[in-house]
>>> print(open('my_file-v5.txt').read())   # compact mmCIF, C-alpha atoms
# COMPACT_ATOMS: atom_id res chain seq x y z
CA MET A 1 -28.89 19.49 -1.89
CA LYS A 2 -30.07 21.23 -5.02
CA ALA A 3 -33.74 21.02 -6.07
CA THR A 4 -34.30 20.04 -9.71
CA GLY A 5 -38.02 20.77 -9.93
CA ILE A 6 -38.55 17.28 -11.34
CA VAL A 7 -41.16 15.07 -9.64
CA ARG A 8 -41.52 11.34 -10.25
CA ARG A 9 -44.03 8.86 -8.81
CA ILE A 10 -43.07 5.49 -7.35
CA ASP A 11 -44.69 2.56 -9.19
CA GLU A 12 -46.39 -0.45 -7.58
CA LEU A 13 -43.03 -2.28 -7.34
CA GLY A 14 -41.35 0.62 -5.49
CA ARG A 15 -39.36 1.80 -8.52
CA VAL A 16 -38.69 5.38 -9.48
CA VAL A 17 -37.18 6.58 -12.76
CA ILE A 18 -34.16 8.87 -12.53
CA PRO A 19 -34.65 11.40 -15.36
CA LYS A 20 -32.40 11.05 -18.38
CA GLU A 21 -31.00 14.60 -17.97
CA ILE A 22 -29.83 13.80 -14.43
CA ARG A 23 -28.39 10.40 -15.46
CA LYS A 24 -26.48 12.07 -18.29
CA THR A 25 -25.15 14.89 -16.10
CA LEU A 26 -24.03 12.49 -13.37
CA ARG A 27 -22.83 9.87 -15.89
CA ILE A 28 -25.12 7.17 -14.50
CA LYS A 29 -25.52 4.33 -16.98
CA GLU A 30 -27.70 1.24 -17.08
CA GLY A 31 -26.26 -1.32 -14.70
CA ASP A 32 -24.33 1.20 -12.57
CA PRO A 33 -24.63 0.40 -8.86
CA LEU A 34 -26.22 3.11 -6.70
CA GLU A 35 -25.89 3.33 -2.95
CA ILE A 36 -28.96 4.52 -1.03
CA TYR A 37 -28.70 6.80 2.00
CA THR A 38 -31.47 8.09 4.23
CA ASP A 39 -31.57 11.04 6.59
CA ARG A 40 -34.87 11.48 8.39
CA GLU A 41 -37.20 12.24 5.46
CA ASP A 42 -34.59 12.45 2.69
CA VAL A 43 -33.44 9.69 0.38
CA LEU A 44 -30.12 10.16 -1.42
CA PHE A 45 -28.75 8.03 -4.26
CA ARG A 46 -25.00 8.05 -4.84
CA LYS A 47 -22.98 6.14 -7.41
CA TYR A 48 -21.34 3.25 -5.59
CA SER A 49 -17.58 2.84 -5.73
CA PRO A 50 -16.04 0.02 -3.70
CA LEU A 51 -12.59 1.58 -4.22
CA ALA A 52 -13.71 4.77 -2.47
CA GLY A 53 -13.73 2.78 0.77
CA ILE A 54 -10.02 1.99 0.54
CA GLU A 55 -8.62 5.38 -0.49
CA GLY A 56 -5.88 5.16 2.17
CA GLU A 57 -4.62 1.83 0.85
CA ALA A 58 -4.92 3.06 -2.74
CA SER A 59 -2.85 6.16 -1.86
CA ALA A 60 -0.15 4.01 -0.25
CA LEU A 61 -0.13 1.72 -3.29
CA ALA A 62 0.16 4.69 -5.66
CA GLU A 63 3.12 6.01 -3.62
CA SER A 64 4.79 2.59 -3.81
CA LEU A 65 4.21 2.35 -7.56
CA HIS A 66 5.76 5.80 -8.04
CA GLU A 67 8.79 4.93 -5.89
CA VAL A 68 9.40 1.65 -7.73
CA THR A 69 8.87 2.91 -11.29
CA ASP A 70 9.63 6.66 -11.03
CA LEU A 71 6.41 7.17 -13.06
CA THR A 72 3.26 9.02 -12.09
CA ALA A 73 0.88 6.43 -10.64
CA VAL A 74 -2.86 7.07 -10.83
CA ILE A 75 -5.62 4.84 -9.46
CA PHE A 76 -9.13 5.43 -10.80
CA ASP A 77 -12.51 4.10 -9.80
CA SER A 78 -14.98 4.01 -12.70
CA ASP A 79 -15.58 7.79 -12.47
CA ALA A 80 -12.61 9.68 -11.05
CA VAL A 81 -9.11 9.57 -9.58
CA ILE A 82 -9.09 8.15 -6.05
CA ALA A 83 -5.30 8.15 -5.52
CA ALA A 84 -2.22 9.48 -7.29
CA ALA A 85 1.52 9.82 -6.67
CA GLY A 86 4.28 11.53 -8.57
CA LYS A 87 5.07 15.05 -9.71
CA ASP A 88 2.01 17.28 -9.04
CA ALA A 89 -0.13 14.14 -8.73
CA LYS A 90 -1.92 15.16 -5.53
CA THR A 91 -3.93 17.71 -7.54
CA LEU A 92 -5.33 14.87 -9.66
CA VAL A 93 -7.43 13.30 -6.89
CA GLY A 94 -11.11 13.77 -7.70
CA GLU A 95 -10.54 14.56 -11.39
CA PRO A 96 -13.16 12.83 -13.56
CA VAL A 97 -12.10 10.23 -16.13
CA SER A 98 -12.29 10.93 -19.85
CA GLU A 99 -14.90 9.20 -21.99
CA GLU A 100 -12.09 7.38 -23.82
CA LEU A 101 -10.68 5.97 -20.59
CA GLU A 102 -14.16 5.07 -19.39
CA GLN A 103 -14.71 3.12 -22.64
CA LEU A 104 -11.34 1.39 -22.33
CA MET A 105 -12.19 0.32 -18.77
CA ARG A 106 -15.62 -1.00 -19.85
CA GLU A 107 -13.85 -3.10 -22.49
CA ARG A 108 -11.52 -4.35 -19.72
CA THR A 109 -8.57 -3.67 -21.99
CA THR A 110 -4.95 -3.41 -20.83
CA ARG A 111 -3.05 -0.84 -22.85
CA ILE A 112 0.64 0.12 -23.09
CA THR A 113 1.10 3.04 -25.46
CA SER A 114 3.23 6.05 -26.30
CA ARG A 115 2.80 9.20 -28.36
CA GLN A 116 5.20 7.64 -30.86
CA ASP A 117 2.62 5.01 -31.81
CA GLY A 118 -0.16 7.63 -31.68
CA ARG A 119 -2.48 5.72 -29.34
CA VAL A 120 -2.21 7.63 -26.04
CA VAL A 121 -5.57 7.61 -24.30
CA PRO A 122 -6.70 10.89 -22.67
CA LEU A 123 -7.07 10.09 -18.97
CA PHE A 124 -9.06 13.11 -17.82
CA ARG A 125 -11.98 15.12 -19.19
CA LYS A 126 -9.71 18.14 -19.51
CA GLU A 127 -6.02 18.29 -20.40
CA ILE A 128 -4.25 18.34 -17.02
CA MET A 129 -0.88 16.78 -17.65
CA HIS A 130 1.40 15.92 -20.54
CA VAL A 131 1.26 12.19 -21.25
CA ALA A 132 3.90 10.80 -23.59
CA ALA A 133 3.64 7.13 -22.57
CA GLN A 134 1.20 5.18 -20.42
CA ILE A 135 0.18 1.82 -19.10
CA ILE A 136 -3.49 1.27 -18.25
CA VAL A 137 -4.67 -1.90 -16.48
CA PRO A 138 -8.32 -2.42 -15.49
CA ILE A 139 -9.20 -3.54 -11.96
CA VAL A 140 -11.73 -6.39 -12.21
CA SER A 141 -13.07 -8.39 -9.28
CA GLY A 142 -15.65 -11.15 -9.57
CA GLY A 143 -16.42 -10.01 -13.11
CA ASP A 144 -17.17 -6.44 -11.94
CA LEU A 145 -15.14 -3.49 -13.19
CA LEU A 146 -13.89 -1.42 -10.24
CA GLY A 147 -11.57 1.01 -12.02
CA CYS A 148 -8.01 0.97 -13.35
CA VAL A 149 -4.36 1.52 -12.50
CA ALA A 150 -2.37 3.84 -14.77
CA LEU A 151 1.37 4.47 -14.91
CA VAL A 152 2.18 7.64 -16.83
CA SER A 153 5.38 9.19 -18.18
CA GLY A 154 5.81 12.70 -19.54
CA ARG A 155 9.03 11.69 -21.29
CA GLU A 156 9.10 10.41 -24.85
CA GLU A 157 10.01 6.84 -24.01
CA SER A 158 8.60 3.39 -24.34
CA LEU A 159 7.50 1.78 -21.13
CA SER A 160 8.81 -1.68 -20.36
CA GLU A 161 7.22 -5.07 -19.85
CA CYS A 162 8.52 -4.89 -16.28
CA GLU A 163 6.49 -1.72 -15.65
CA LEU A 164 3.48 -3.40 -17.24
CA LEU A 165 3.91 -6.32 -14.85
CA VAL A 166 4.09 -3.92 -11.88
CA ALA A 167 0.81 -2.26 -12.96
CA LYS A 168 -0.88 -5.64 -13.47
CA ASN A 169 0.20 -6.76 -10.00
CA ALA A 170 -1.14 -3.54 -8.46
CA SER A 171 -4.46 -4.07 -10.23
CA ALA A 172 -4.63 -7.69 -9.05
CA PHE A 173 -3.79 -6.62 -5.49
CA LEU A 174 -6.70 -4.13 -5.45
CA ALA A 175 -9.06 -6.62 -7.08
CA ARG A 176 -8.30 -9.27 -4.44
CA ARG A 177 -9.51 -6.88 -1.74
CA PHE A 178 -13.04 -7.44 -3.08
CA ASP A 179 -13.04 -11.18 -3.90
>>> encode(input="my_file-v5.txt", output="structure tokens")
Amino acid sequence: MKATGIVRRIDELGRVVIPKEIRKTLRIKEGDPLEIYTDREDVLFRKYSPLAGIEGEASALAESLHEVTDLTAVIFDSDAVIAAAGKDAKTLVGEPVSEELEQLMRERTTRITSRQDGRVVPLFRKEIMHVAAQIIVPIVSGGDLLGCVALVSGREESLSECELLVAKNASAFLARRFD
């Protein structure tokens, strides 16, 4: 663990304020769930991701999506890639989401776009792969946003309604794991 030099007192209700600089750096927003761990005298807060607990299933689903569609399949929790399949996709696991994708997920918006219509959403904080067309479907369970499923093509083509339906079914499958 890295010391920050910041000290906060616990109030009478047992609350402690996480400093704004740390929340900004770790992209912790109001309403984000935090998981609490203890180890002897240490207390550790970690952003909670229910999808992180099913990475094996998410990886198998991403592989299936890739095999069925021949597109790169990427499964995100609200912060980063948890599973990916397709050309060079294994290197994507752990990559943080872009602010644009994070906003799209918060809006719970399904998007099918291509470079031709000029609305391709950057998926990652840094440019990692060429995206010419994409389908993005949020994963929502019990009203809570868990992440999203993305199907991505590097070819200048329009993606079909059939591929959109496949992505929606994958999202629904993951969401049902938490109902």
>>> closest_residue(input="my_file-v5.txt", among="A:Lys126, A:Arg108, A:Arg177, A:Arg115", to="Leu159 (chain A)", atoms="all atoms listed in the file")
A:Arg115
>>> residues_near_point(input="my_file-v5.txt", point="(3.8, 9.7, -30.6)", cutoff="12 Å", atoms="only C-alpha atoms", output="PyMOL selection string")
chain A and resi 113-121+131-134+154-158
>>> residues_around(input="my_file-v5.txt", residues="Gly142 (chain A)", least_positions_apart="5", cutoff="12 Å", atoms="only C-alpha atoms", output="PyMOL selection string")
chain A and resi 172+175-179
>>> closest_residue(input="my_file-v5.txt", among="A:Glu63, A:Arg27, A:Met129, A:Glu57", to="Pro96 (chain A)", atoms="only C-alpha atoms")
A:Arg27
>>> closest_residue(input="my_file-v5.txt", among="A:Val166, A:Leu13, A:Val149, A:Ile136", to="Glu67 (chain A)", atoms="only C-alpha atoms")
A:Val166
>>> closest_residue(input="my_file-v5.txt", among="A:Asn169, A:Glu21, A:Val16, A:Thr72", to="Thr4 (chain A)", atoms="only C-alpha atoms")
A:Glu21
>>> closest_residue(input="my_file-v5.txt", among="A:Gly94, A:Pro138, A:Pro33, A:Pro122", to="Glu107 (chain A)", atoms="only C-alpha atoms")
A:Pro138
>>> decode(input="my_file-v5.txt", residues="region 95-151 of chain A", atoms="C-alpha atoms", output="short mmCIF file (atom, residue, chain, number, x, y, z; two decimals), in the first residue's frame")
data_model
loop_
_atom_site.label_atom_id
_atom_site.label_comp_id
_atom_site.auth_asym_id
_atom_site.auth_seq_id
_atom_site.Cartn_x
_atom_site.Cartn_y
_atom_site.Cartn_z
CA GLU A 95 -7.71 -1.56 -19.74
CA PRO A 96 -9.73 1.30 -18.21
CA VAL A 97 -12.85 2.57 -19.97
CA SER A 98 -12.94 5.98 -21.64
CA GLU A 99 -14.95 8.81 -20.11
CA GLU A 100 -17.25 8.72 -23.16
CA LEU A 101 -18.02 5.03 -22.68
CA GLU A 102 -18.48 5.55 -18.95
CA GLN A 103 -21.04 8.30 -19.71
CA LEU A 104 -22.83 6.11 -22.26
CA MET A 105 -23.08 3.30 -19.69
CA ARG A 106 -24.42 5.69 -17.02
CA GLU A 107 -27.12 6.76 -19.49
CA ARG A 108 -27.88 3.05 -20.05
CA THR A 109 -27.83 3.67 -23.79
CA THR A 110 -27.51 0.95 -26.43
CA ARG A 111 -25.52 2.17 -29.41
CA ILE A 112 -24.81 0.73 -32.87
CA THR A 113 -22.47 3.01 -34.81
CA SER A 114 -19.82 3.18 -37.49
CA ARG A 115 -17.15 5.66 -38.53
CA GLN A 116 -19.32 6.39 -41.57
CA ASP A 117 -21.96 8.04 -39.39
CA GLY A 118 -19.24 9.70 -37.28
CA ARG A 119 -20.50 8.51 -33.89
CA VAL A 120 -17.96 5.85 -32.86
CA VAL A 121 -17.44 6.00 -29.10
CA PRO A 122 -13.85 5.67 -27.82
CA LEU A 123 -13.83 2.54 -25.66
CA PHE A 124 -10.55 3.00 -23.82
CA ARG A 125 -8.73 5.92 -22.21
CA LYS A 126 -5.96 5.57 -24.77
CA GLU A 127 -6.18 4.57 -28.43
CA ILE A 128 -5.51 0.81 -28.40
CA MET A 129 -7.33 -0.53 -31.41
CA HIS A 130 -8.89 0.70 -34.62
CA VAL A 131 -12.67 0.78 -34.30
CA ALA A 132 -14.65 1.28 -37.49
CA ALA A 133 -18.01 -0.05 -36.26
CA GLN A 134 -19.34 -1.02 -32.85
CA ILE A 135 -22.29 -2.19 -30.85
CA ILE A 136 -22.47 -1.23 -27.17
CA VAL A 137 -25.14 -2.68 -24.87
CA PRO A 138 -25.26 -1.84 -21.14
CA ILE A 139 -25.57 -4.62 -18.56
CA VAL A 140 -28.28 -3.63 -16.06
CA SER A 141 -29.56 -5.81 -13.24
CA GLY A 142 -32.18 -4.74 -10.72
CA GLY A 143 -31.77 -1.15 -11.87
CA ASP A 144 -28.01 -1.22 -11.18
CA LEU A 145 -25.49 -0.66 -13.96
CA LEU A 146 -22.91 -3.47 -13.97
CA GLY A 147 -21.02 -2.69 -17.18
CA CYS A 148 -21.52 -3.29 -20.90
CA VAL A 149 -20.98 -5.71 -23.77
CA ALA A 150 -19.29 -4.35 -26.90
CA LEU A 151 -18.89 -5.96 -30.31
#
